[in-house]
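Colleague: mmCIF, C-alpha atoms, saved as input_29.cif, coming up:
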data_structure
loop_
_atom_site.label_atom_id
_atom_site.label_comp_id
_atom_site.auth_asym_id
_atom_site.auth_seq_id
_atom_site.Cartn_x
_atom_site.Cartn_y
_atom_site.Cartn_z
CA MET A 132 135.62 75.53 98.65
CA GLU A 133 136.57 74.02 102.01
CA GLU A 134 133.83 75.91 103.84
CA LEU A 135 131.31 74.83 101.22
CA TRP A 136 132.37 71.23 101.65
CA LYS A 137 132.03 71.47 105.42
CA ASP A 138 128.56 73.03 105.22
CA SER A 139 127.25 70.43 102.79
CA ASN A 140 128.83 67.27 104.19
CA ILE A 141 126.49 65.57 106.66
CA PHE A 142 129.18 63.23 107.99
CA TYR A 143 131.49 66.13 108.86
CA ASN A 144 128.74 68.12 110.58
CA VAL A 145 127.39 65.21 112.58
CA LEU A 146 130.86 64.13 113.72
CA CYS A 147 131.80 67.68 114.77
CA PHE A 148 128.60 68.03 116.79
CA LEU A 149 129.01 64.69 118.53
CA ILE A 150 132.60 65.52 119.53
CA THR A 151 132.57 69.25 120.32
CA GLU A 152 129.23 69.31 122.14
CA ASN A 153 130.06 66.41 124.43
CA GLU A 154 133.72 66.81 125.42
CA LYS A 155 132.85 66.38 129.09
CA LEU A 156 131.98 62.73 128.45
CA PHE A 157 135.69 61.92 128.25
CA ASP A 158 135.75 61.99 132.07
CA ARG A 159 132.48 60.17 132.63
CA SER A 160 131.84 56.51 133.28
CA ASP A 161 129.52 56.23 130.28
CA ALA A 162 132.17 57.45 127.82
CA ILE A 163 132.40 53.99 126.19
CA LEU A 164 128.65 53.95 125.66
CA TYR A 165 128.87 57.44 124.21
CA TRP A 166 131.57 56.53 121.67
CA ARG A 167 129.77 53.29 120.85
CA THR A 168 126.68 55.36 120.04
CA VAL A 169 128.73 57.80 117.94
CA PHE A 170 130.28 54.92 116.03
CA HIS A 171 126.93 53.23 115.36
CA ILE A 172 125.36 56.49 114.17
CA MET A 173 128.24 57.10 111.77
CA GLY A 174 128.09 53.47 110.64
CA ILE A 175 124.37 53.67 109.88
CA LEU A 176 124.84 56.94 107.96
CA HIS A 177 127.73 55.40 106.00
CA HIS A 178 125.86 52.23 105.04
CA VAL A 179 122.61 54.00 104.15
CA TYR A 180 124.49 56.53 102.02
CA ILE A 181 126.39 53.79 100.17
CA GLY A 182 123.16 51.88 99.58
CA LEU A 183 121.45 54.96 98.14
CA PHE A 184 124.51 55.80 96.04
CA ALA A 185 124.55 52.28 94.58
CA LYS A 186 120.90 52.63 93.63
CA GLY A 187 121.68 55.87 91.82
CA LEU A 188 124.48 54.51 89.63
CA ASN A 189 121.92 53.64 86.92
CA ILE A 190 124.14 50.90 85.52
CA GLN A 191 121.15 48.94 84.22
CA ASN A 192 121.03 51.30 81.22
CA HIS A 193 124.75 51.30 80.52
CA PRO A 194 125.62 50.47 76.85
CA HIS A 195 128.32 47.96 77.79
CA PRO A 196 126.89 44.48 78.62
CA ASP A 197 129.64 43.68 81.13
CA ILE A 198 128.61 46.75 83.13
CA ARG A 199 124.94 45.84 83.01
CA ILE A 200 125.89 42.48 84.53
CA LEU A 201 126.56 44.28 87.82
CA HIS A 202 122.89 45.25 87.98
CA THR A 203 121.48 42.01 86.60
CA TYR A 204 123.30 39.78 89.07
CA GLY A 205 123.65 42.34 91.86
CA PRO A 206 121.63 40.29 94.39
CA GLY A 207 124.01 37.36 93.86
CA TYR A 208 127.18 39.05 95.12
CA LEU A 209 128.27 38.12 98.64
CA THR A 210 129.52 41.68 99.08
CA GLY A 211 125.91 42.89 98.99
CA TRP A 212 124.76 40.15 101.36
CA ASN A 213 127.45 41.04 103.86
CA PHE A 214 126.73 44.76 103.60
CA THR A 215 123.10 44.01 104.43
CA PHE A 216 124.13 41.95 107.47
CA GLN A 217 126.24 44.83 108.71
CA THR A 218 123.45 47.34 108.21
CA ILE A 219 121.02 45.20 110.24
CA PHE A 220 123.63 44.77 112.96
CA LEU A 221 124.37 48.49 113.16
CA GLY A 222 120.65 49.23 113.37
CA LEU A 223 120.17 46.80 116.27
CA SER A 224 123.29 48.19 117.97
CA LEU A 225 122.01 51.75 117.76
CA VAL A 226 118.61 50.74 119.20
CA ASN A 227 120.43 48.95 122.03
CA ASP A 228 122.52 52.08 122.70
CA VAL A 229 119.39 54.23 122.92
CA LEU A 230 117.82 51.76 125.36
CA GLU A 231 120.98 51.91 127.49
CA TRP A 232 120.82 55.71 127.61
CA LEU A 233 117.20 55.38 128.76
CA ASP A 234 118.13 52.66 131.30
CA LYS A 235 115.83 50.23 129.51
CA GLN A 236 118.50 47.71 128.50
CA SER A 237 117.17 45.16 131.03
CA SER A 238 113.62 45.32 129.70
CA SER A 239 112.14 42.52 127.63
CA LEU A 240 112.74 44.47 124.41
CA GLY A 241 116.25 45.48 125.47
CA THR A 242 117.22 41.89 126.26
CA LYS A 243 115.97 40.64 122.89
CA ILE A 244 117.70 43.46 120.96
CA LYS A 245 121.02 42.78 122.69
CA TYR A 246 120.66 39.02 122.15
CA TRP A 247 120.05 39.26 118.40
CA ARG A 248 122.65 41.99 118.01
CA ASP A 249 125.35 39.71 119.41
CA VAL A 250 124.12 36.56 117.62
CA ILE A 251 124.05 38.30 114.23
CA PHE A 252 127.47 39.84 114.78
CA CYS A 253 129.17 36.60 115.85
CA GLY A 254 127.39 34.23 113.46
CA MET A 255 127.08 36.37 110.33
CA VAL A 256 128.78 39.76 110.36
CA LEU A 257 132.28 38.93 111.55
CA PRO A 258 133.04 35.69 109.64
CA PHE A 259 131.62 36.84 106.30
CA THR A 260 133.06 40.34 106.55
CA MET A 261 136.54 38.93 107.13
CA PHE A 262 136.11 36.56 104.21
CA VAL A 263 134.72 39.17 101.79
CA SER A 264 137.39 41.75 102.57
CA GLY A 265 140.30 39.32 102.84
CA MET A 266 139.47 37.27 99.75
CA PHE A 267 138.59 40.29 97.58
CA TRP A 268 141.80 42.20 98.20
CA THR A 269 143.95 39.07 97.99
CA VAL A 270 142.62 38.13 94.55
CA TYR A 271 142.60 41.81 93.53
CA ALA A 272 146.32 42.05 94.32
CA ILE A 273 147.06 38.94 92.23
CA ASP A 274 144.87 39.79 89.21
CA ARG A 275 142.05 42.30 89.58
CA GLU A 276 140.40 41.04 86.38
CA LEU A 277 139.44 37.87 88.28
CA VAL A 278 137.34 39.72 90.82
CA PHE A 279 136.83 43.38 89.79
CA PRO A 280 137.64 44.05 86.10
CA LYS A 281 139.11 47.42 85.25
CA ILE A 282 136.13 48.25 83.07
CA TYR A 283 134.08 48.68 86.27
CA ASP A 284 136.15 51.75 87.15
CA SER A 285 134.23 53.73 84.54
CA VAL A 286 131.04 53.56 86.64
CA VAL A 287 132.15 52.55 90.15
CA PRO A 288 134.28 55.19 91.96
CA TRP A 289 137.42 53.96 93.69
CA TRP A 290 136.16 55.16 97.08
CA PHE A 291 132.94 53.17 96.67
CA ASN A 292 135.01 50.01 96.24
CA HIS A 293 136.78 50.76 99.53
CA CYS A 294 133.49 51.47 101.29
CA VAL A 295 132.14 47.98 100.55
CA HIS A 296 135.42 46.05 100.81
CA THR A 297 137.64 48.00 103.23
CA ASN A 298 135.45 50.09 105.53
CA ILE A 299 133.53 46.96 106.49
CA MET A 300 136.68 45.80 108.30
CA VAL A 301 136.74 49.08 110.24
CA VAL A 302 133.34 48.11 111.62
CA LEU A 303 134.79 44.85 112.96
CA LEU A 304 137.88 46.53 114.41
CA VAL A 305 136.05 49.30 116.27
CA GLU A 306 133.25 47.00 117.42
CA THR A 307 135.80 44.55 118.84
CA LEU A 308 137.52 47.36 120.74
CA LEU A 309 134.29 48.82 122.15
CA GLN A 310 132.27 45.69 122.95
CA ALA A 311 133.37 42.56 124.80
CA ARG A 312 132.16 39.29 123.27
CA ARG A 313 134.40 36.72 124.93
CA HIS A 314 132.14 33.74 124.23
CA PRO A 315 129.32 32.84 121.84
CA THR A 316 125.93 34.18 122.84
CA ASN A 317 124.23 31.05 121.50
CA ARG A 318 126.67 28.81 119.63
CA ARG A 319 123.96 26.55 118.21
CA LEU A 320 121.95 29.47 116.77
CA GLU A 321 125.08 31.19 115.50
CA MET A 322 126.08 27.99 113.70
CA ILE A 323 122.61 27.71 112.18
CA LEU A 324 122.83 31.26 110.85
CA PHE A 325 126.42 30.77 109.66
CA TRP A 326 125.79 27.58 107.71
CA SER A 327 122.44 28.82 106.40
CA VAL A 328 124.19 31.78 104.80
CA ALA A 329 127.17 29.72 103.59
CA LEU A 330 125.06 27.00 101.97
CA SER A 331 122.40 29.39 100.63
CA TYR A 332 125.03 31.52 98.93
CA ALA A 333 126.63 28.44 97.37
CA VAL A 334 123.24 27.41 95.97
CA VAL A 335 122.61 30.89 94.54
CA TYR A 336 126.14 31.21 93.15
CA TYR A 337 126.22 27.86 91.36
CA THR A 338 122.63 28.21 90.18
CA ILE A 339 123.55 31.43 88.41
CA TYR A 340 126.45 29.65 86.72
CA PHE A 341 124.43 26.62 85.56
CA VAL A 342 121.58 28.81 84.29
CA THR A 343 123.63 31.53 82.58
CA ASP A 344 126.94 29.71 82.00
CA ARG A 345 128.73 32.68 83.59
CA TRP A 346 130.70 32.93 86.83
CA LEU A 347 130.02 35.99 88.96
CA TYR A 348 133.73 36.03 89.85
CA GLN A 349 136.10 35.03 87.08
CA VAL A 350 138.50 33.49 89.59
CA PHE A 351 136.29 30.39 89.30
CA GLY A 352 136.54 30.53 85.53
CA VAL A 353 140.28 29.79 85.52
CA MET A 354 139.79 26.55 87.49
CA ASN A 355 138.66 23.10 86.46
CA TRP A 356 135.89 21.40 88.46
CA TRP A 357 137.99 19.57 91.01
CA GLN A 358 139.83 22.84 91.72
CA VAL A 359 136.48 24.62 92.09
CA CYS A 360 135.36 22.00 94.60
CA LEU A 361 138.56 22.32 96.62
CA TYR A 362 138.33 26.09 96.51
CA GLN A 363 134.74 25.95 97.74
CA LEU A 364 135.73 23.71 100.65
CA PHE A 365 138.53 26.14 101.45
CA ILE A 366 136.05 29.03 101.47
CA TRP A 367 133.79 27.26 103.97
CA ALA A 368 136.73 26.20 106.13
CA ILE A 369 138.43 29.60 106.32
CA THR A 370 135.15 31.37 107.03
CA TYR A 371 134.45 28.92 109.87
CA VAL A 372 137.94 29.57 111.24
CA PHE A 373 137.12 33.29 111.26
CA TYR A 374 134.08 32.51 113.40
CA ILE A 375 136.10 30.43 115.86
CA ILE A 376 139.04 32.80 116.35
CA GLN A 377 136.93 35.88 117.10
CA PHE A 378 136.39 34.82 120.73
CA PRO A 379 140.02 34.28 121.81
CA ILE A 380 140.92 37.53 120.03
CA ASN A 381 138.19 39.32 121.94
CA ARG A 382 139.49 37.88 125.21
CA LEU A 383 142.97 39.17 124.35
CA VAL A 384 141.52 42.65 123.90
CA HIS A 385 139.17 42.73 126.88
CA GLY A 386 140.85 40.26 129.21
CA ALA A 387 139.48 37.13 130.83
CA GLU A 388 135.92 36.86 132.07
CA PRO A 389 135.46 38.83 135.33
CA THR A 390 135.33 36.54 138.36
CA ILE A 391 133.32 36.90 141.54
CA ASP A 392 135.34 37.77 144.64
CA ASN A 393 134.95 34.86 147.05
CA ASN A 394 136.49 36.86 149.89
CA GLU A 395 133.40 39.01 150.33
CA GLU A 396 131.80 38.87 153.80
CA LYS A 397 128.90 36.47 154.06
CA ASP A 398 125.96 36.43 156.43
CA PRO A 399 126.57 33.68 159.04
CA VAL A 400 122.99 32.47 158.52
CA ASP A 401 123.60 32.09 154.77
CA ASP A 402 126.57 29.80 155.45
CA LYS A 403 124.16 27.29 156.99
CA VAL A 404 121.61 27.37 154.22
CA HIS A 405 121.50 26.08 150.65
CA ASP A 406 120.31 28.26 147.77
CA ASN A 407 116.96 26.53 147.97
CA GLY A 408 116.63 27.32 151.66
CA ARG A 409 117.42 23.90 153.17
CA SER A 410 119.76 23.72 156.14
CA LEU A 411 123.19 22.23 155.62
CA ASN A 412 122.96 20.69 159.10
CA PRO A 413 121.13 17.32 159.06
CA GLU A 414 120.18 17.70 162.71
CA GLU A 415 118.41 20.94 161.96
CA ASN A 416 116.59 19.29 159.06
CA GLY A 417 115.46 16.58 161.43
CA LYS A 418 114.26 19.13 163.94
CA VAL A 419 112.24 20.88 161.27
CA ALA A 420 110.69 17.60 160.22
CA ALA A 421 109.88 16.83 163.84
CA ASP A 422 107.95 20.10 164.07
CA GLY A 423 105.64 18.75 161.37
CA LEU A 424 107.13 20.58 158.39
CA PRO A 425 108.95 18.75 155.57
CA GLY A 426 112.64 19.70 155.52
CA ASP A 427 112.93 19.53 151.73
CA SER A 428 110.35 22.28 151.21
CA TRP A 429 111.31 24.50 154.13
CA SER A 430 112.33 27.88 152.64
CA LEU A 431 114.04 30.91 154.06
CA LYS A 432 110.87 32.89 153.64
CA PHE A 433 108.83 30.66 155.96
CA ARG A 434 111.75 30.24 158.36
CA SER A 435 111.83 34.03 158.70
CA ILE A 436 108.12 34.06 159.48
CA LYS A 437 108.57 31.34 162.12
CA ASN A 438 111.46 33.18 163.78
CA ASN A 439 109.44 36.38 163.93
CA THR A 440 106.54 34.48 165.52
CA GLU A 441 108.77 32.91 168.19
CA ASN A 442 110.39 36.28 168.95
CA SER A 443 106.96 37.84 169.41
CA ARG A 444 106.17 35.37 172.20
CA LEU A 445 109.16 36.40 174.30
#
For the structure just supplied, provide its representation as structure tokens.
Modeller:
Amino acid sequence: MEELWKDSNIFYNVLCFLITENEKLFDRSDAILYWRTVFHIMGILHHVYIGLFAKGLNIQNHPHPDIRILHTYGPGYLTGWNFTFQTIFLGLSLVNDVLEWLDKQSSSLGTKIKYWRDVIFCGMVLPFTMFVSGMFWTVYAIDRELVFPKIYDSVVPWWFNHCVHTNIMVVLLVETLLQARRHPTNRRLEMILFWSVALSYAVVYYTIYFVTDRWLYQVFGVMNWWQVCLYQLFIWAITYVFYIIQFPINRLVHGAEPTIDNNEEKDPVDDKVHDNGRSLNPEENGKVAADGLPGDSWSLKFRSIKNNTENSRL
């Protein structure tokens, strides 16, 4: 039975190949890139498999109406939204890994892939994953009927529940360990994505309630309206806190931003010249101007040409 399981389990076979066939990478400088690629491949396989499994549950034809609700309002659950965000992120991460192996990470495509990978992770994946997992298991521990009624166990396997509410935190943990993101890539864009998702989900969630007179999560059903409003504000606030704290946590893991060593030797000529090529010495600027060339536009390139010309006359 064990051998049969090994032969038929794609995750086991892929993981064994990636580890046993590449043991030498433990001593190579690109080992982190290698394990990042392994992790992203396994993550993509995990998320695609879970998505296909969910499609095959066939709960839309279940005789119990409370079970059919899972299919009817499936697009309205934040768990599904977040799982989609993670799948997109893992896909972009894997493409970026492939470009790094091909030394194309600095290309126009590579730069854009890396940019959107980091923006989506910081602005969407991390804050909403932490909220979905943290809030689900907290309410589940208090009263599971408020968030995942026991009747769902008849169609949803226990391991599937962990895949969409627990394993998603593994993605954050491993990604934080393997990739440094000490600061926002684009705080303004990340905030736009964050609040677009937060507000859009609130609109969808409350629209479903007002149209059907049914809460997707019964935890809202035990509250009156002022409590619902306070709870909603708390949801937005705690999710925003998750966005903010990710950067100091990342700096704790990866250390402070690398600094440039100012003790490196410098060319004596460079010490006399600005970045734009102008001399730091006013007398030299005046001399250049006296030669009929404007000091403000005098560049290192043309100075080099002039020096070569004067040397050729000697």
Colleague: If you count only C-alpha atoms, which residues fall within 12 Å of Ile366 in chain A, apart from same-chain ones fewer than 2 positions away, as a ChimeraX atom specification?
Modeller: /A:258-259,261-263,265-266,329-330,332-333,359-364,368-373
Colleague: I'd like the residues picked by the PyMOL selection byres ((chain A and resi 264) around 12) written out as a PyMOL selection string, using the chain letters and numbers from the file.
Modeller: chain A and resi 209-210+213-214+256-263+265-271+278+292-303+370
Colleague: Given the file shown, enumerate the residues that the PyMOL selection byres ((chain A and resi 310) around 10) captures and present them as a JSON list (two decimals) with C-alpha atoms, in the coordinates of the input.
Modeller:
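In the end it all went to result_6.json:
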[["chain", "number", "residue", "atom", "x", "y", "z"],
["A", 163, "ILE", "CA", 132.40, 53.99, 126.19],
["A", 164, "LEU", "CA", 128.65, 53.95, 125.66],
["A", 167, "ARG", "CA", 129.77, 53.29, 120.85],
["A", 249, "ASP", "CA", 125.35, 39.71, 119.41],
["A", 305, "VAL", "CA", 136.05, 49.30, 116.27],
["A", 306, "GLU", "CA", 133.25, 47.00, 117.42],
["A", 307, "THR", "CA", 135.80, 44.55, 118.84],
["A", 308, "LEU", "CA", 137.52, 47.36, 120.74],
["A", 309, "LEU", "CA", 134.29, 48.82, 122.15],
["A", 311, "ALA", "CA", 133.37, 42.56, 124.80],
["A", 312, "ARG", "CA", 132.16, 39.29, 123.27],
["A", 313, "ARG", "CA", 134.40, 36.72, 124.93],
["A", 381, "ASN", "CA", 138.19, 39.32, 121.94],
["A", 384, "VAL", "CA", 141.52, 42.65, 123.90],
["A", 385, "HIS", "CA", 139.17, 42.73, 126.88]]
Colleague: Taking into account all atoms listed in the file, which residue in the set A:Phe252, A:Phe279, A:Leu347, A:Ser327 is nearest to Phe378 in chain A?
Modeller: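 Between A:Phe252, A:Phe279, A:Leu347, A:Ser327, the residue approaching Phe378 in chain A most closely is A:Phe252.
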Colleague: Excluding range 230-232 of chain A and residues on its chain fewer than 5 positions from it, collect all residues at most 9 Å away from it, counting only C-alpha atoms, and give them as a list in words.
Modeller: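 Surrounding residues, per the criterion: Leu164, Tyr165, Leu225, Ser237, Ser238, Leu240 and Gly241 of chain A.
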Colleague: Near Leu324 in chain A, counting only C-alpha atoms, which residues have an atom at most 7 Å away, once you skip same-chain residues fewer than 4 positions from it, shown as an MDAnalysis selection string?
Modeller: chainID A and resid 254:255 320 328
Colleague: Kindly give the distance, in Å, that separates CA of Gly222 in chain A and CA of Arg248 in chain A, rounded to a single decimal.
Modeller: 8.8 Å
Colleague: Which residue out of A:Val335, A:Arg382, A:His202, A:Val226 has the minimum interatomic distance to Ile172 in chain A when all atoms listed in the file are used?
Modeller: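 Nearest to Ile172 in chain A: A:Val226.
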Colleague: Which residue, A:Phe184, A:Tyr208, A:Trp357, A:Phe170, has the smallest gap to Tyr336 in chain A when you use only C-alpha atoms?
Modeller: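 Once distances to Tyr336 in chain A are computed over only C-alpha atoms, the minimum belongs to A:Tyr208.
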Colleague: Please fill the gaps in range 297-313 of chain A so it has N, CA, C and O atoms, and write that as a tab-separated table (two decimals), in the coordinates of the input.
Modeller:
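Below is the file result09.tsv, written as the result:
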chain	number	residue	atom	x	y	z
A	297	THR	N	136.63	47.63	102.24
A	297	THR	CA	137.64	48.00	103.23
A	297	THR	C	137.01	48.54	104.51
A	297	THR	O	137.34	48.10	105.61
A	298	ASN	N	136.09	49.49	104.36
A	298	ASN	CA	135.45	50.09	105.53
A	298	ASN	C	134.67	49.07	106.37
A	298	ASN	O	134.47	49.28	107.57
A	299	ILE	N	134.26	48.00	105.74
A	299	ILE	CA	133.53	46.96	106.49
A	299	ILE	C	134.44	46.33	107.55
A	299	ILE	O	133.96	45.87	108.59
A	300	MET	N	135.76	46.32	107.29
A	300	MET	CA	136.68	45.80	108.30
A	300	MET	C	136.86	46.79	109.46
A	300	MET	O	137.14	46.39	110.59
A	301	VAL	N	136.68	48.07	109.18
A	301	VAL	CA	136.74	49.08	110.24
A	301	VAL	C	135.61	48.83	111.24
A	301	VAL	O	135.79	48.99	112.45
A	302	VAL	N	134.46	48.43	110.74
A	302	VAL	CA	133.34	48.11	111.62
A	302	VAL	C	133.73	47.00	112.60
A	302	VAL	O	133.46	47.10	113.80
A	303	LEU	N	134.38	45.96	112.09
A	303	LEU	CA	134.79	44.85	112.96
A	303	LEU	C	135.83	45.31	113.97
A	303	LEU	O	135.74	44.96	115.16
A	304	LEU	N	136.80	46.09	113.53
A	304	LEU	CA	137.88	46.53	114.41
A	304	LEU	C	137.34	47.38	115.56
A	304	LEU	O	137.62	47.11	116.74
A	305	VAL	N	136.56	48.39	115.23
A	305	VAL	CA	136.05	49.30	116.27
A	305	VAL	C	135.08	48.57	117.18
A	305	VAL	O	135.09	48.75	118.40
A	306	GLU	N	134.23	47.74	116.61
A	306	GLU	CA	133.25	47.00	117.42
A	306	GLU	C	133.96	46.06	118.39
A	306	GLU	O	133.53	45.90	119.54
A	307	THR	N	135.03	45.44	117.96
A	307	THR	CA	135.80	44.55	118.84
A	307	THR	C	136.44	45.33	119.98
A	307	THR	O	136.50	44.85	121.12
A	308	LEU	N	136.90	46.54	119.71
A	308	LEU	CA	137.52	47.36	120.74
A	308	LEU	C	136.50	47.90	121.74
A	308	LEU	O	136.81	48.05	122.93
A	309	LEU	N	135.29	48.17	121.29
A	309	LEU	CA	134.29	48.82	122.15
A	309	LEU	C	133.37	47.85	122.87
A	309	LEU	O	132.76	48.22	123.86
A	310	GLN	N	133.24	46.62	122.37
A	310	GLN	CA	132.27	45.69	122.95
A	310	GLN	C	132.92	44.33	123.21
A	310	GLN	O	133.48	43.72	122.31
A	311	ALA	N	132.82	43.88	124.44
A	311	ALA	CA	133.37	42.56	124.80
A	311	ALA	C	132.41	41.46	124.40
A	311	ALA	O	131.23	41.49	124.76
A	312	ARG	N	132.91	40.50	123.62
A	312	ARG	CA	132.16	39.29	123.27
A	312	ARG	C	133.14	38.12	123.41
A	312	ARG	O	133.65	37.61	122.42
A	313	ARG	N	133.38	37.73	124.65
A	313	ARG	CA	134.40	36.72	124.93
A	313	ARG	C	133.97	35.32	124.55
A	313	ARG	O	134.82	34.45	124.32
